[in-house]
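Chemist: Take a look at this one; I'll ask things after.
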Amino acid sequence: MVLLKRNSNELLIAAADSIIQCNFDKSTDHHIKIPDPILPDNLTKGQIEVLKSEVRTITSLEFSTNGQYTVVSTENKQVVVYDQHFNVVKNFIVTRAASKVCFTPENDILVADKTGDVYLYKLSSDVDQPVLLLGHLSVILDMLLSKCGKYIITCDRDEKIRVSHFPNCYNIASYCLGHTEFVTSIKLFDEVLVSASGDGTVRFWDFITGNQLGLVNVNEHIDPKELSDFSQEMDKEKVEVSALPIIDLQVHYDDNSSRLYFAVSVYHCKSIQLYSTDLKKMVSCFVTKLSVDMLLGFSFTSELYVLSNQLLCFQLIKDDFVEKDLPLLQPLHHKYKVILSQASDDFVTGLYKRKYDNVQEYLERKKQRLEGNNKC
Amino acid sequence: MSLPQKRFYRQRAHSNPIADHCFDYPQTPALMDWSKYYPEKFKECAESPPTVEFADIGCGYGGLLITLSPMFPNSLMIGMEIRVKVSDYVMDRIAALRTQNPSEYQNIACLRTNAMKYLPNYFRKGQLKKIFFLYPDPHFKKAKHKWRIVNQSLLAEYAYVLSEGGIVYTVTDVKDLHEWMVQHFEEHPLFSRISDEELKLDPIIEKLYSSTEEGQKVSRNNGDKFLAVFRRIKDPLVIV
């Protein structure tokens, strides 16, 4: 997947080990490559080899609240903080590969890693002594801080969304439970949390109490053949799937209609589905579906940017996506073709659990034992 | 119905809590049907069904549950055990005790689950009054310390399912593990250790040493037993 992020007058595209920065005001584009890691002294030769050889694919990219900083995490355990002009402010190695990074309101950095831990790194201090804030028992797939800054919300491969107080994360406010597969993405609008999962549903939550407020099954708007193809593919790995997983979720609140729009992309499907929700009544309806030749990633704010076999921009007019001609975008795809073609495959199939059943076998043997006793 | 024989249910003492075992668990606490675990108790008060208040995590062969059952006849207790055969033994044992002693042992039950992963699926916030960790797997190797049932991250979950004032009991015969547990509970802002003085007033304490199968084994071997008890306290951090 390729990450597309909109920040005031910019669009950032993160693919492989590169960030492409498109500035709409100046009509300029820049290519930023992840810098070499700064290796701490105490590493063994083996570790250095590993850190250097691994691909620096970007796993996550976020902006600070004031837009001053950008932070990225990579597959090779690097975290890099940039200022507005993409000068490197901080470049450090984390103990375990980060799945998600974001900023606190104080511009400190939260790093969620693949073993399920969240660490806090101070931006200001030179000493990289991170503080362990909380831990899940499986990889954290998404993380965000509430607008008020008092809650940190994390979701994992174990169907769980955990809401912890911040900075006192040892105190759990609630769990938002109900998803039946890994939770891929969470977004927040005011007090309403929106989540997307491998179970093919988008759910709405009162995150303070953990109560589920609404549910949308986005599999209702896909071709059943897509699901059966995916089922067959996963059958080979002995995983039973009942829905196509949601890969990405993005939300945008429309002031005019007072509705929350949310866009999702679903694994295997070359389309983006758009829904809108009346937050007072908690009723959602399907708005439209945009089909493309291929789908590498998208960004949905007031406009929709889609990375397909070209870079496209759409505006939502009367609940329909209308293509907008942006002269800056057209040559970009060609110019950065090499980078964009390195986009990694979606990791999603690896998130399903390969369960092994040791109960049936035991019960069978017990039954035989008891029956044997009766015969005696 | 006769009591189950332990020789058919023996299983090695270790289980990997991170692996994807097969478990049935409720999606949310509201979806958990406790009535099949405590059928008589639910018949008695169908109007306002009781809730589980005690959890014995890693209950082993169920000795503690059976000891506590008559001491707290009005509290529902659940033993949680990850090992297939051991949990099955406890279920069979409770079923046999119930048939042999009608109207007794109706407040205890056992289920097979991974308590490290699924506690919030079973219990609402603040639902539990007592949690027991008796003779937990010490996981001696440093690389396996994260498998220990007591660690910094999991303490937040235990604090979540416990009500304020709720109590955690820990006993082990491994000094190193005892020190580990004490250190982690004492460092956690939502727990405070209960003094030995105060523990003298708690009738459960003496049972902790003798009631479980692990405890009896340690006694037979003249081993040490280390006890530490903690109270769930209010979050000391007040944010203005």
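Following the order of the structure tokens, first chain is A, next is B, and so on, with residues numbered from 1 inside each chain and ligands from 1 in the order they appear.
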Step one, run DSSP on the backbone; step two, keep only residues of stretch 8-70 of chain B assigned to alpha helix (DSSP H); then write them as a list in words.
Modeler: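 Taking stretch 8-70 of chain B and keeping alpha helix (DSSP H) only, one gets Pro39, Glu40, Lys41, Phe42, Lys43, Glu44, Gly63, Leu64, Leu65, Ile66, Thr67, Leu68, Ser69 and Pro70 of chain B.
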Chemist: Can you pull out the residues contacting A:Ile34? Cut-off 12 Å, using only C-alpha atoms, and skip same-chain residues under 2 positions away; I want them as a PyMOL selection string.
Modeler: chain A and resi 14-20+31-32+36-38+55-59+71-82+86-88+90-92
Chemist: Please tabulate, as JSON lines, the residues of chain A that come within 6 Å of chain B, each with its closest pair of atoms and the distance in Å to one decimal, counting only C-alpha atoms and ordering rows by chain, then residue number upward.
Modeler:
```
{"residue": "A:Leu134", "atom": "CA", "partner": "B:Ser153", "partner_atom": "CA", "distance": 5.5}
{"residue": "A:Gly135", "atom": "CA", "partner": "B:Ser153", "partner_atom": "CA", "distance": 4.9}
{"residue": "A:Tyr170", "atom": "CA", "partner": "B:Ala156", "partner_atom": "CA", "distance": 5.1}
{"residue": "A:Ile172", "atom": "CA", "partner": "B:Tyr160", "partner_atom": "CA", "distance": 6.0}
{"residue": "A:Leu177", "atom": "CA", "partner": "B:Thr28", "partner_atom": "CA", "distance": 5.8}
{"residue": "A:Gly178", "atom": "CA", "partner": "B:Gln27", "partner_atom": "CA", "distance": 5.5}
{"residue": "A:Lys355", "atom": "CA", "partner": "B:Asp20", "partner_atom": "CA", "distance": 5.5}
{"residue": "A:Tyr356", "atom": "CA", "partner": "B:His21", "partner_atom": "CA", "distance": 5.9}
{"residue": "A:Asp357", "atom": "CA", "partner": "B:Cys22", "partner_atom": "CA", "distance": 5.4}
```
Chemist: To one decimal place, how far is atom CA of A:Cys155 from atom CA of A:His136 in Å?
Modeler: 8.6 Å
Chemist: Extract, using only C-alpha atoms, all DNA, RNA and protein residues at most 8 Å from stretch 273-282 of chain A, discarding same-chain residues fewer than 2 positions from it, and format them as a list in words.
Modeler: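 Final neighbour list, sorted by chain and number: Leu213, Gly214, Val218, His221, Ser258, Arg259, Leu260, Tyr261, Phe262, Ala263, Val264, Ser265, Ser271, Ser284, Cys285, Phe286, Val287, Thr288, Lys289 and Leu290 of chain A.
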Chemist: I want to know what sits within 7 Å of A:Leu11, based on only C-alpha atoms, with residues of the same chain fewer than 3 positions away left out; could you give that as number ranges by chain?
Modeler: A: 4-7, 21-23
Chemist: Could you list, as a count of residues only, every residue within 7 Å of stretch 106-110 of chain B, counting only C-alpha atoms and ignoring same-chain residues fewer than 3 positions away?
Modeler: 19
Chemist: Please return, as JSON, numbers by chain, all residues of stretch 118-338 of chain A that DSSP assigns to strand (DSSP E or B) on the basis of the backbone.
Modeler: {"A": [118, 119, 120, 121, 131, 132, 133, 134, 135, 140, 141, 142, 143, 144, 145, 151, 152, 153, 154, 155, 156, 161, 162, 163, 164, 165, 172, 173, 174, 175, 176, 183, 184, 185, 186, 187, 188, 189, 192, 193, 194, 195, 196, 197, 201, 202, 203, 204, 205, 206, 211, 212, 213, 214, 215, 216, 217, 246, 247, 248, 249, 250, 251, 252, 253, 254, 259, 260, 261, 262, 263, 264, 265, 266, 271, 272, 273, 274, 275, 276, 277, 278, 283, 284, 285, 286, 287, 288, 289, 290, 291, 297, 298, 299, 300, 303, 304, 305, 306, 307, 311, 312, 313, 314, 315, 316, 317, 320, 321, 322, 323]}
Chemist: Using only C-alpha atoms, which protein or nucleic acid residues come within 8 Å of A:Gln310? Drop anything in the same chain fewer than 4 positions from it, and give the result as a ChimeraX atom specification.
Modeler: /A:330,333-334
Chemist: Got a sec: who's within 8 Å of stretch 132-134 of chain B, counting only C-alpha atoms, leaving out chain neighbours fewer than 6 positions off, as a PyMOL selection string?
Modeler: chain B and resi 54-59+168-172+208
Chemist: Print the selection's residues with N, CA, C and O atoms to a file, as a CSV table (one decimal), in the first residue's frame.
Modeler:
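The file below, out.csv, is the result:
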```csv
chain,number,residue,atom,x,y,z
B,54,PHE,N,-15.3,-13.1,41.7
B,54,PHE,CA,-13.9,-13.6,42.0
B,54,PHE,C,-13.4,-14.3,40.7
B,54,PHE,O,-14.2,-15.1,40.1
B,55,ALA,N,-12.2,-14.1,40.4
B,55,ALA,CA,-11.6,-14.8,39.3
B,55,ALA,C,-10.3,-15.4,39.7
B,55,ALA,O,-9.4,-14.7,40.2
B,56,ASP,N,-10.1,-16.8,39.6
B,56,ASP,CA,-8.9,-17.5,39.9
B,56,ASP,C,-8.2,-17.7,38.6
B,56,ASP,O,-8.6,-18.5,37.8
B,57,ILE,N,-7.2,-16.9,38.3
B,57,ILE,CA,-6.5,-17.0,37.0
B,57,ILE,C,-5.4,-18.0,37.0
B,57,ILE,O,-4.5,-17.9,37.8
B,58,GLY,N,-5.5,-18.9,36.1
B,58,GLY,CA,-4.7,-20.1,36.1
B,58,GLY,C,-5.0,-21.0,37.3
B,58,GLY,O,-4.2,-21.2,38.2
B,59,CYS,N,-6.3,-21.4,37.3
B,59,CYS,CA,-6.8,-22.0,38.6
B,59,CYS,C,-6.3,-23.4,38.8
B,59,CYS,O,-6.6,-24.1,39.8
B,168,VAL,N,-6.0,-8.2,44.8
B,168,VAL,CA,-5.3,-9.3,44.1
B,168,VAL,C,-4.4,-10.1,45.0
B,168,VAL,O,-3.7,-9.5,45.8
B,169,TYR,N,-4.5,-11.4,45.0
B,169,TYR,CA,-3.7,-12.3,45.8
B,169,TYR,C,-2.7,-13.0,44.9
B,169,TYR,O,-3.1,-13.5,43.9
B,170,THR,N,-1.4,-12.9,45.4
B,170,THR,CA,-0.4,-13.7,44.6
B,170,THR,C,0.3,-14.6,45.6
B,170,THR,O,0.7,-14.2,46.7
B,171,VAL,N,0.6,-15.8,45.2
B,171,VAL,CA,1.4,-16.7,45.9
B,171,VAL,C,2.3,-17.5,45.0
B,171,VAL,O,1.9,-17.8,43.9
B,172,THR,N,3.6,-17.6,45.4
B,172,THR,CA,4.5,-18.4,44.5
B,172,THR,C,5.5,-19.1,45.4
B,172,THR,O,5.8,-18.6,46.6
B,208,LEU,N,-4.8,-19.8,51.2
B,208,LEU,CA,-4.0,-19.7,50.0
B,208,LEU,C,-2.8,-20.6,50.1
B,208,LEU,O,-2.3,-21.1,49.1
```
Chemist: To one decimal place, how far is atom CA of A:Lys100 from atom CA of A:Asn9 in Å?
Modeler: 23.8 Å
Chemist: Please indicate the distance in Å from atom CA of B:Gly165 to atom CA of B:Ile194, rounded to one decimal place.
Modeler: 11.0 Å
Chemist: Using only C-alpha atoms, find the one residue out of A:Ser164, A:Gln342, A:Ser146, A:Thr180 that sits nearest to A:Leu193.
Modeler: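 So, comparing all the options, the nearest one is A:Ser146.
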Chemist: Restricting the calculation to only C-alpha atoms: of A:Gly372, A:Pro331, A:Pro245, A:Gly350, which residue gets closest to A:Thr28?
Modeler: A:Pro331
